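Undergrad: Before I ask anything, here is the structure I am working with.
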Number of protein chains: 4
Amino acid sequence: MFEANLSPAFNITRASHAVLTARDLDRTEAFYCDLIGLIKSDRSRDALYLRGIEERSHHSLVFHRSDAPPACERVGLRMLTDDDLKRAYDYFGSIGCKPKWAELPHQGLTLHVDDAIGTPLEFCATMDDLPSNLQKFELYKGASPMRLDHFQIAAHDVRKATDFYLAMGFRLTEYTATDGKEEIWGSWLQRKGNPHDVVFSSGRGPRLHHFAYSVPEIHDIVHVCDVAGSLGFEQHFERGPGRHGIGNAFFVYFRDPDGHRVELFNAHYQAIDINHTPLRWDLSNTRRSQLWGLPAPARWFYEASEFAGKKVHEPVLKADPVTLETFLGKQF
Amino acid sequence: MFEANLSPAFNITRASHAVLTARDLDRTEAFYCDLIGLIKSDRSRDALYLRGIEERSHHSLVFHRSDAPPACERVGLRMLTDDDLKRAYDYFGSIGCKPKWAELPHQGLTLHVDDAIGTPLEFCATMDDLPSNLQKFELYKGASPMRLDHFQIAAHDVRKATDFYLAMGFRLTEYTATDGKEEIWGSWLQRKGNPHDVVFSSGRGPRLHHFAYSVPEIHDIVHVCDVAGSLGFEQHFERGPGRHGIGNAFFVYFRDPDGHRVELFNAHYQAIDINHTPLRWDLSNTRRSQLWGLPAPARWFYEASEFAGKKVHEPVLKADPVTLETFLGKQF
Amino acid sequence: MFEANLSPAFNITRASHAVLTARDLDRTEAFYCDLIGLIKSDRSRDALYLRGIEERSHHSLVFHRSDAPPACERVGLRMLTDDDLKRAYDYFGSIGCKPKWAELPHQGLTLHVDDAIGTPLEFCATMDDLPSNLQKFELYKGASPMRLDHFQIAAHDVRKATDFYLAMGFRLTEYTATDGKEEIWGSWLQRKGNPHDVVFSSGRGPRLHHFAYSVPEIHDIVHVCDVAGSLGFEQHFERGPGRHGIGNAFFVYFRDPDGHRVELFNAHYQAIDINHTPLRWDLSNTRRSQLWGLPAPARWFYEASEFAGKKVHEPVLKADPVTLETFLGKQF
Amino acid sequence: MFEANLSPAFNITRASHAVLTARDLDRTEAFYCDLIGLIKSDRSRDALYLRGIEERSHHSLVFHRSDAPPACERVGLRMLTDDDLKRAYDYFGSIGCKPKWAELPHQGLTLHVDDAIGTPLEFCATMDDLPSNLQKFELYKGASPMRLDHFQIAAHDVRKATDFYLAMGFRLTEYTATDGKEEIWGSWLQRKGNPHDVVFSSGRGPRLHHFAYSVPEIHDIVHVCDVAGSLGFEQHFERGPGRHGIGNAFFVYFRDPDGHRVELFNAHYQAIDINHTPLRWDLSNTRRSQLWGLPAPARWFYEASEFAGKKVHEPVLKADPVTLETFLGKQF
């Protein structure tokens, strides 16, 4: 049912970067550098490039200044080599996806294509190489975010999206499904050998639900919350800290000044072996979303960043999550 | 306004122990030993004695089996010597408090008296001496609770309670008051040189809101939540993890099988110097309750353990806290 | 100079397991389960199988009871599928390595072969699938070791060993070399996208220097030291805690009851991108071994587990490391 | 044998501050502020005042610029009130100690006196009150030192020193003694209810062995080591990280640019109760100095800061500690 393609024609290696719009780059820089602790790689009047503390690639987060409503422009994935990109170009063409080459600053050969549900993807194999700050420990601050880890995308058709990524060689680590049926409500897909590079969850889509940075320790998750409190960013706090059942992440979620959602987490596991079969979670099992503590507020479930210029569709499967609001009303 | 008595006739040294009732001691032992990580000092058919990992005194928590509705029997405070107890006996008699001597297992000379708002107190100077487990690191589990730190008591008259404790030599570290007035809504009082041994907050009282154990690290607060999730105690989870503004505690609150509330926290500060003047928080300032994150659910504010045989009074000052429920309804 | 083979004929995915001998399995089990915190998967009179807390594969550590001097029998590597094993069989045969198929309990199809310097390797693609204990948080103890991460092998000819692994598709992340020359003294090689699956360092070889488990946090490294102190294993302590320059591991090293060396560490980085060029460290730069603190004692540099039945050769390059003993004599 | 005076004529509350000389205040400030993470309260051409992150008192560390060989000028202790100071003045006069009043910037009424072994003490009850930075989490860096905790003084006559402090109301928590005898080699003495405010250990004295700051977590001890490595302070590293048996501190020791020694530690316990009898450690028990890991280097045992203008005496009891050097020579 979730057959991985073990011999894809091209080698996607990992979640790479997100390209977003922001209305005020100063405010965006303050949020991501002063609070979250990302490193600024470059800043111009109209663009801000950020990377995690250990990252040597030029950017894992790009903001373009725009007065339009905030949006996500592209979800970036890395391939191993330029040859992979070329084979991917042929592949996407062959299945009717209309790939296009793009020229972008600080990146090598870059391919643009939409996935099966309309998510605008951007693939590249190389970026400008910058020094890692991994051993500049005096720069660790906020959450000390090490590297971009994954994206979660609200998908109107999770099954269709999942099949598209399985065909590209992604492997499924965990999934949620309607109790007693194989109706897929969410899928956790990976290429780099940990729980996920890309996650799809049912909802109005395609929209970017969040991007996530891996941080060293529980301590760092709590410290960034404390710093949010002391620097006056507490309104940006949305959910957590808590422990996801799926993926085992100890997490916190913030909303940036434009409403884009960022997760900071640690404690993923390794998922490499062929006999590491997908773990199923029934939709009725609320432990998938948190092993303890209160449910997420409704806005965590329903709000997400639209993709610039992309139509948003109603979901095929209507999920009815247990939100904090419904939980308090009904059970507590 | 909060003049400390720097020369009290007797030397109260610290919050010492709580005496509570439980309907099923097996269930209580499982909760406190398997989940929270307390050490069992003694267990009979009708009594369970627990202590923190570093504690050498016989108990900081006593449960008496009872089929009656769960209640707190006594809040225990330590004095330095038996001579202090004798001087305290005279003092309490002189102000009309009707002190009584009590004989109890595992404790030395013990004095019973009610405070100004009816809280049943128990004072002693010595207990049976047991080995500390501080350096038996293999016993650290759950939250690795080191020692009992403080009590919070819901008080129908916070001003009256506060004055009673100030007269006994307690010093005020922080307090909440109606904006623009000196109407005291909550008081944080200490003898041992950190933020609090006893806290009073306005509400139906007297009732025991919670007792709190100090834990080593943030890690331990999160670990006990994780263990609660894996051992099936997630329904006992009530609030947190979060950071209190007052006292700076990084906290989590659980409810035990009888509904008694236990706080696990770290990161208090030292409060010894005479010029360490009380820190005032306006009632309108929600940062006093949490520096970031969502407010506590209503039950955290309104539910507490009654004292056995003690009448509960309506509060003089009616607080109207921002609960999670009102917050979600109004603001989020 | 360190050209990776980006299209190897077979897909090695990761360091998988070590097979060692022990004289007393009770003592070995006590060391690895009670102190280190590994999970016992199986135990018979003559064999002990262990795995990390998150591991679903049956074992990452196997001990065979033996009265012979303690030795390492095999270093285990995983391939993706059985087809990879078959292609590897052909490859090893074609280069004169004399591969052999083996039948072993709890593993699928298994291939035995010696590498270029005589290290006895064992490849498989599947093992018996057991439950992960990742979310059984009450089982976390000692160092809470999550998964086997890598091996370090003392090699008499590091260059020859490195070339052999590069040819199999391993990629070099870091290396040490004589100042001003390209004489390779140590090589850090990976398949799974982090700093290393296999490390070669110059010395009498081949011998197994250590195997390493990844742990969640700094806290866990210190806790296992504390537990070693309280359970009476302090004589097994060898080096650390400290921070390696190479690979950035925060580490501690123990010797097990038979003298086999185990590293517990955290804080590796991700190494996936093609432009992640190898990081060179001059042999004279002692920061490669520790960023701060005292050097390792001589025994850490010179002692290692021999491979059963394998001849040990003198190293081609004689390293003269700064040991704790020479450091104290000369500089401090 | 170690009878505490439970009714001292004056109330010493805690270790307060150290006054030291430094040859280059820029270098000293860089060490303590950039690396260790102390907060600068004031700086003039000839004086530097520092405090811990939570401290509201103006300073816990004072450096006077001097071209003379680096020395400690005063060890500072706090009393509760100025009345205590006045009673102490009379007391010291009555026992022939020649107390003197001093006027110092940023401190209230100040009393100077030498203790029984010649340590120059400075007592005050108040200092200028500055804001605590406890909840300015963005200022946490290096070791995030919260507050000064204690001093260790090399004493030529530990028994004489101990008796002097017992008479002032200090209580003994732990001590080292020659095996089978009551010859005291070291004494851990406290007023504030944790393991120690002042420690005496046998050696050429009086000299200041170290002063110690309390830090929040194990994480912070390791982080300051990492930052020392990345900022180029690794030569200032002296001992640790490790766990003391006595006091249970998880510690690291640095030497500042003038050779003064600072300890950063966490995980002390509470010591308040009258039945908390002193814990004896035999001199032959090396676990008192570290529960695991290697012994301290000889310089940790033998080097200390002289007190300005004070004669250094040979110790009455000649200790012969197991140093790292003797340990490596003999046992490892």
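Order determines the names: the first chain of the structure tokens is A, the second B, and so forth; residues in each chain are numbered 1 upward, and ligands are numbered 1 upward as they are shown.
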If you count only C-alpha atoms, which residues fall within 9 Å of Leu111 in chain A, apart from same-chain ones fewer than 2 positions away, as a list in words?

TA: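 Result of the neighbour search: Leu85, Lys86, Ala88, Tyr89, Pro99, Lys100, Trp101, Ala102, Glu103, Leu109, Val113, Leu121, Glu122, Phe123 and Cys124 of chain A.
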
Undergrad: Can those selected residues be exported to a file as a PDB file, in the first residue's frame so that it contains N, CA, C and O atoms?

TA:
```pdb
ATOM      1  N   LEU A  85      19.386  16.230 -10.971  1.00  0.00           N
ATOM      2  CA  LEU A  85      18.429  17.266 -11.386  1.00  0.00           C
ATOM      3  C   LEU A  85      18.006  17.070 -12.839  1.00  0.00           C
ATOM      4  O   LEU A  85      16.824  17.213 -13.183  1.00  0.00           O
ATOM      5  N   LYS A  86      18.978  16.723 -13.657  1.00  0.00           N
ATOM      6  CA  LYS A  86      18.659  16.553 -15.092  1.00  0.00           C
ATOM      7  C   LYS A  86      17.756  15.343 -15.314  1.00  0.00           C
ATOM      8  O   LYS A  86      16.816  15.384 -16.104  1.00  0.00           O
ATOM      9  N   ALA A  88      15.736  14.226 -13.132  1.00  0.00           N
ATOM     10  CA  ALA A  88      14.447  14.606 -12.557  1.00  0.00           C
ATOM     11  C   ALA A  88      13.657  15.456 -13.549  1.00  0.00           C
ATOM     12  O   ALA A  88      12.432  15.312 -13.680  1.00  0.00           O
ATOM     13  N   TYR A  89      14.369  16.352 -14.248  1.00  0.00           N
ATOM     14  CA  TYR A  89      13.709  17.188 -15.264  1.00  0.00           C
ATOM     15  C   TYR A  89      12.996  16.298 -16.286  1.00  0.00           C
ATOM     16  O   TYR A  89      11.819  16.517 -16.608  1.00  0.00           O
ATOM     17  N   PRO A  99       8.319  20.827 -15.719  1.00  0.00           N
ATOM     18  CA  PRO A  99       9.450  21.373 -14.953  1.00  0.00           C
ATOM     19  C   PRO A  99      10.079  22.552 -15.689  1.00  0.00           C
ATOM     20  O   PRO A  99       9.995  22.640 -16.911  1.00  0.00           O
ATOM     21  N   LYS A 100      10.698  23.443 -14.915  1.00  0.00           N
ATOM     22  CA  LYS A 100      11.404  24.585 -15.519  1.00  0.00           C
ATOM     23  C   LYS A 100      12.731  24.788 -14.809  1.00  0.00           C
ATOM     24  O   LYS A 100      12.804  24.668 -13.586  1.00  0.00           O
ATOM     25  N   TRP A 101      13.755  25.149 -15.560  1.00  0.00           N
ATOM     26  CA  TRP A 101      15.020  25.529 -14.921  1.00  0.00           C
ATOM     27  C   TRP A 101      14.918  26.963 -14.404  1.00  0.00           C
ATOM     28  O   TRP A 101      14.252  27.801 -15.008  1.00  0.00           O
ATOM     29  N   ALA A 102      15.585  27.219 -13.301  1.00  0.00           N
ATOM     30  CA  ALA A 102      15.572  28.567 -12.728  1.00  0.00           C
ATOM     31  C   ALA A 102      16.997  28.990 -12.392  1.00  0.00           C
ATOM     32  O   ALA A 102      17.861  28.143 -12.126  1.00  0.00           O
ATOM     33  N   GLU A 103      17.238  30.300 -12.468  1.00  0.00           N
ATOM     34  CA  GLU A 103      18.553  30.809 -12.031  1.00  0.00           C
ATOM     35  C   GLU A 103      18.351  31.644 -10.785  1.00  0.00           C
ATOM     36  O   GLU A 103      17.593  32.612 -10.785  1.00  0.00           O
ATOM     37  N   LEU A 109      22.492  24.891 -10.165  1.00  0.00           N
ATOM     38  CA  LEU A 109      21.402  24.534 -11.073  1.00  0.00           C
ATOM     39  C   LEU A 109      20.127  24.268 -10.267  1.00  0.00           C
ATOM     40  O   LEU A 109      20.156  23.521  -9.284  1.00  0.00           O
ATOM     41  N   VAL A 113       9.183  22.892 -10.100  1.00  0.00           N
ATOM     42  CA  VAL A 113       8.100  22.020 -10.555  1.00  0.00           C
ATOM     43  C   VAL A 113       7.032  22.008  -9.463  1.00  0.00           C
ATOM     44  O   VAL A 113       7.345  22.237  -8.292  1.00  0.00           O
ATOM     45  N   LEU A 121       7.598  23.338  -5.807  1.00  0.00           N
ATOM     46  CA  LEU A 121       8.873  22.811  -5.308  1.00  0.00           C
ATOM     47  C   LEU A 121      10.045  23.465  -6.016  1.00  0.00           C
ATOM     48  O   LEU A 121       9.919  23.952  -7.145  1.00  0.00           O
ATOM     49  N   GLU A 122      11.183  23.424  -5.351  1.00  0.00           N
ATOM     50  CA  GLU A 122      12.425  23.931  -5.929  1.00  0.00           C
ATOM     51  C   GLU A 122      13.518  22.942  -5.559  1.00  0.00           C
ATOM     52  O   GLU A 122      13.738  22.686  -4.371  1.00  0.00           O
ATOM     53  N   PHE A 123      14.171  22.387  -6.569  1.00  0.00           N
ATOM     54  CA  PHE A 123      15.247  21.423  -6.319  1.00  0.00           C
ATOM     55  C   PHE A 123      16.591  22.024  -6.708  1.00  0.00           C
ATOM     56  O   PHE A 123      16.708  22.657  -7.755  1.00  0.00           O
ATOM     57  N   CYS A 124      17.596  21.797  -5.908  1.00  0.00           N
ATOM     58  CA  CYS A 124      18.952  22.112  -6.335  1.00  0.00           C
ATOM     59  C   CYS A 124      19.887  21.089  -5.704  1.00  0.00           C
ATOM     60  O   CYS A 124      19.494  20.357  -4.789  1.00  0.00           O
TER      61      CYS A 124
END
```

Undergrad: Please report as a list in words which residues of chain A come no farther than 9 Å from chain D, using only C-alpha atoms.

TA: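 Taken together, these residues fit the definition: Asp34, Leu35, Gln135, Lys136, Phe137, Glu138, Tyr140, Lys141, Gly142, His219, His223, Val224, Asp226, Val227, Ala228, Gly229, Ser230 and Leu231 of chain A.
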
Undergrad: Would you output that residue set with N, CA and C atoms, as a CSV table (one decimal), in the first residue's frame?

TA:
```csv
chain,number,residue,atom,x,y,z
A,34,ASP,N,17.4,37.2,16.5
A,34,ASP,CA,17.5,37.5,18.0
A,34,ASP,C,16.8,36.5,18.8
A,35,LEU,N,15.6,36.1,18.4
A,35,LEU,CA,14.9,35.1,19.2
A,35,LEU,C,15.2,33.7,18.9
A,135,GLN,N,31.1,24.9,15.8
A,135,GLN,CA,32.0,25.0,16.9
A,135,GLN,C,32.3,26.5,17.4
A,136,LYS,N,31.4,27.4,16.9
A,136,LYS,CA,31.5,28.7,17.5
A,136,LYS,C,30.4,28.8,18.5
A,137,PHE,N,30.7,28.2,19.7
A,137,PHE,CA,29.6,28.0,20.7
A,137,PHE,C,29.1,29.3,21.2
A,138,GLU,N,29.9,30.4,21.1
A,138,GLU,CA,29.5,31.7,21.6
A,138,GLU,C,28.3,32.2,20.8
A,140,TYR,N,25.7,30.3,19.9
A,140,TYR,CA,24.5,29.6,20.2
A,140,TYR,C,23.6,30.5,21.0
A,141,LYS,N,22.4,30.7,20.5
A,141,LYS,CA,21.4,31.5,21.3
A,141,LYS,C,20.0,31.1,20.9
A,142,GLY,N,19.0,31.6,21.7
A,142,GLY,CA,17.6,31.3,21.4
A,142,GLY,C,17.4,29.8,21.5
A,219,HIS,N,16.6,21.5,26.7
A,219,HIS,CA,17.0,22.8,27.3
A,219,HIS,C,16.8,24.0,26.3
A,223,HIS,N,14.6,27.2,26.5
A,223,HIS,CA,15.3,28.5,26.5
A,223,HIS,C,14.7,29.5,25.5
A,224,VAL,N,14.3,29.0,24.4
A,224,VAL,CA,13.8,29.9,23.4
A,224,VAL,C,12.4,30.5,23.8
A,226,ASP,N,11.7,31.0,27.0
A,226,ASP,CA,12.1,32.0,28.0
A,226,ASP,C,12.5,33.3,27.4
A,227,VAL,N,13.3,33.2,26.3
A,227,VAL,CA,13.8,34.4,25.6
A,227,VAL,C,12.6,35.1,25.0
A,228,ALA,N,11.7,34.3,24.4
A,228,ALA,CA,10.5,34.9,23.8
A,228,ALA,C,9.8,35.8,24.9
A,229,GLY,N,9.7,35.2,26.1
A,229,GLY,CA,9.1,36.0,27.2
A,229,GLY,C,9.8,37.2,27.5
A,230,SER,N,11.2,37.1,27.6
A,230,SER,CA,11.9,38.3,28.0
A,230,SER,C,12.1,39.3,26.9
A,231,LEU,N,12.1,38.9,25.7
A,231,LEU,CA,12.3,39.9,24.6
A,231,LEU,C,11.0,40.4,24.0
```

Undergrad: Apply DSSP to the backbone of this structure and, from range 174-266 of chain A, keep only the residues in alpha helix (DSSP H); write these as a ChimeraX atom specification.

TA: /A:218-231

Undergrad: The selected residues should be written to file as a short mmCIF file (atom, residue, chain, number, x, y, z; two decimals), in the first residue's frame (atoms: C-alpha atoms).

TA:
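Printed below is again.cif as written:
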```cif
data_model
loop_
_atom_site.label_atom_id
_atom_site.label_comp_id
_atom_site.auth_asym_id
_atom_site.auth_seq_id
_atom_site.Cartn_x
_atom_site.Cartn_y
_atom_site.Cartn_z
CA ILE A 218 15.21 19.98 25.51
CA HIS A 219 17.00 22.84 27.26
CA ASP A 220 17.09 24.80 23.99
CA ILE A 221 13.34 24.39 23.42
CA VAL A 222 12.62 25.84 26.84
CA HIS A 223 15.28 28.53 26.55
CA VAL A 224 13.78 29.95 23.37
CA CYS A 225 10.42 30.16 25.14
CA ASP A 226 12.06 32.00 28.03
CA VAL A 227 13.80 34.38 25.65
CA ALA A 228 10.50 34.94 23.85
CA GLY A 229 9.09 35.96 27.20
CA SER A 230 11.93 38.33 28.02
CA LEU A 231 12.30 39.90 24.56
#
```

Undergrad: Which polymer residues have any atom within 7 Å of an atom of range 171-183 of chain A, counting only C-alpha atoms, with same-chain residues fewer than 3 positions away left out, as a PyMOL selection string?

TA: chain A and resi 2+4+166+186-191+195+246+277-284

Undergrad: Write to file, as a short mmCIF file (atom, residue, chain, number, x, y, z; two decimals), in the first residue's frame, the residues of the selection just made, with N, CA and C atoms.

TA:
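Okay, this is what ended up in selection.cif:
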```
data_model
loop_
_atom_site.label_atom_id
_atom_site.label_comp_id
_atom_site.auth_asym_id
_atom_site.auth_seq_id
_atom_site.Cartn_x
_atom_site.Cartn_y
_atom_site.Cartn_z
N PHE A 2 2.03 1.17 0.64
CA PHE A 2 2.92 2.33 0.64
C PHE A 2 4.27 1.89 0.09
N ALA A 4 7.59 1.73 -1.33
CA ALA A 4 8.62 2.70 -1.66
C ALA A 4 9.25 2.32 -3.00
N LEU A 166 6.19 8.93 -2.83
CA LEU A 166 6.66 7.53 -2.83
C LEU A 166 7.30 7.20 -4.18
N GLY A 186 -2.82 11.51 7.19
CA GLY A 186 -1.52 12.18 7.26
C GLY A 186 -0.41 11.22 6.92
N SER A 187 0.65 11.72 6.29
CA SER A 187 1.77 10.83 5.93
C SER A 187 3.10 11.51 6.23
N TRP A 188 4.00 10.75 6.83
CA TRP A 188 5.33 11.24 7.22
C TRP A 188 6.35 10.56 6.32
N LEU A 189 6.99 11.33 5.47
CA LEU A 189 7.81 10.80 4.38
C LEU A 189 9.25 11.28 4.49
N GLN A 190 10.18 10.36 4.24
CA GLN A 190 11.58 10.76 4.44
C GLN A 190 12.52 10.26 3.35
N ARG A 191 13.58 11.00 3.17
CA ARG A 191 14.69 10.59 2.32
C ARG A 191 16.00 10.51 3.10
N PRO A 195 12.70 10.59 10.74
CA PRO A 195 11.27 10.41 10.54
C PRO A 195 10.65 11.13 9.34
N ILE A 246 3.71 10.95 17.11
CA ILE A 246 4.32 10.68 15.80
C ILE A 246 5.68 11.36 15.73
N THR A 277 9.07 -0.86 8.95
CA THR A 277 7.75 -0.68 8.32
C THR A 277 7.01 0.52 8.91
N PRO A 278 6.14 1.15 8.09
CA PRO A 278 5.43 2.35 8.56
C PRO A 278 4.59 2.06 9.80
N LEU A 279 4.60 3.00 10.69
CA LEU A 279 3.85 2.91 11.94
C LEU A 279 2.50 3.60 11.73
N ARG A 280 1.43 2.86 11.99
CA ARG A 280 0.08 3.40 11.77
C ARG A 280 -0.50 3.96 13.07
N TRP A 281 -1.14 5.11 12.99
CA TRP A 281 -1.84 5.71 14.12
C TRP A 281 -3.30 5.91 13.70
N ASP A 282 -4.22 5.40 14.51
CA ASP A 282 -5.64 5.65 14.23
C ASP A 282 -5.96 7.12 14.46
N LEU A 283 -6.85 7.60 13.65
CA LEU A 283 -7.24 9.01 13.76
C LEU A 283 -7.82 9.32 15.14
N SER A 284 -8.43 8.33 15.76
CA SER A 284 -9.06 8.55 17.06
C SER A 284 -8.04 8.61 18.21
#
```

Undergrad: C:Pro297, C:Gly52, C:Pro315, C:Pro69: which is nearest Ile184 in chain C, counting only C-alpha atoms?

TA: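 Result for the nearest residue to Ile184 in chain C: C:Pro315.
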
Undergrad: State, in Å with one decimal place, the distance from CA of Glu238 in chain C to CA of Ser144 in chain B.

TA: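 Spanning CA of Glu238 in chain C to CA of Ser144 in chain B is a straight-line distance of 27.2 Å.
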
Undergrad: In Å, rounded to a single decimal, give me how far CA of Arg27 in chain C is from CA of Lys40 in chain C.

TA: 13.4 Å

Undergrad: With only C-alpha atoms as the counted atoms, please give the residues lying no more than 9 Å from Asp42 in chain C, apart from itself and same-chain residues fewer than 6 positions off, as a ChimeraX atom specification.

TA: /C:48-50,58-59

Undergrad: Please dump the current selection as a PDB file, in the first residue's frame; keep N, CA, C and O atoms.

TA:
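Result went into part_15.pdb, see below:
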```pdb
ATOM      1  N   LEU C  48      24.692 -13.141  24.096  1.00  0.00           N
ATOM      2  CA  LEU C  48      23.912 -12.021  24.638  1.00  0.00           C
ATOM      3  C   LEU C  48      23.709 -11.021  23.507  1.00  0.00           C
ATOM      4  O   LEU C  48      24.671 -10.622  22.855  1.00  0.00           O
ATOM      5  N   TYR C  49      22.435 -10.669  23.270  1.00  0.00           N
ATOM      6  CA  TYR C  49      22.104  -9.730  22.194  1.00  0.00           C
ATOM      7  C   TYR C  49      21.531  -8.459  22.802  1.00  0.00           C
ATOM      8  O   TYR C  49      20.568  -8.517  23.574  1.00  0.00           O
ATOM      9  N   LEU C  50      22.081  -7.317  22.421  1.00  0.00           N
ATOM     10  CA  LEU C  50      21.663  -6.036  22.990  1.00  0.00           C
ATOM     11  C   LEU C  50      21.293  -5.061  21.873  1.00  0.00           C
ATOM     12  O   LEU C  50      21.796  -5.165  20.760  1.00  0.00           O
ATOM     13  N   HIS C  58      17.003  -6.348  15.765  1.00  0.00           N
ATOM     14  CA  HIS C  58      17.179  -7.236  16.919  1.00  0.00           C
ATOM     15  C   HIS C  58      18.392  -6.922  17.775  1.00  0.00           C
ATOM     16  O   HIS C  58      18.342  -7.006  18.998  1.00  0.00           O
ATOM     17  N   HIS C  59      19.506  -6.551  17.147  1.00  0.00           N
ATOM     18  CA  HIS C  59      20.719  -6.322  17.944  1.00  0.00           C
ATOM     19  C   HIS C  59      21.662  -5.344  17.257  1.00  0.00           C
ATOM     20  O   HIS C  59      21.750  -5.286  16.046  1.00  0.00           O
TER      21      HIS C  59
END
```

Undergrad: Can you list every residue in range 108-259 of chain D that DSSP puts in strand (DSSP E), as JSON, numbers by chain?

TA: {"D": [110, 111, 112, 113, 114, 120, 121, 122, 123, 124, 147, 148, 149, 150, 151, 152, 153, 154, 155, 171, 172, 173, 174, 175, 176, 177, 184, 185, 186, 187, 188, 189, 190, 198, 199, 200, 201, 202, 207, 208, 209, 210, 211, 212, 213, 214, 237, 238, 239, 240, 241, 242, 243, 250, 251, 252, 253, 254, 255]}

Undergrad: So how far away is CA of Gln270 in chain C from CA of Pro206 in chain C, in Å?

TA: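 Rounded to one decimal, the two atoms are 28.0 Å apart.
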
Undergrad: Quick one: residues within 8 Å of Phe10 in chain A, only C-alpha atoms counted, chain neighbours fewer than 2 positions away excluded, as a PyMOL selection string?

TA: chain A and resi 8+12+79+84-85+87-88+168
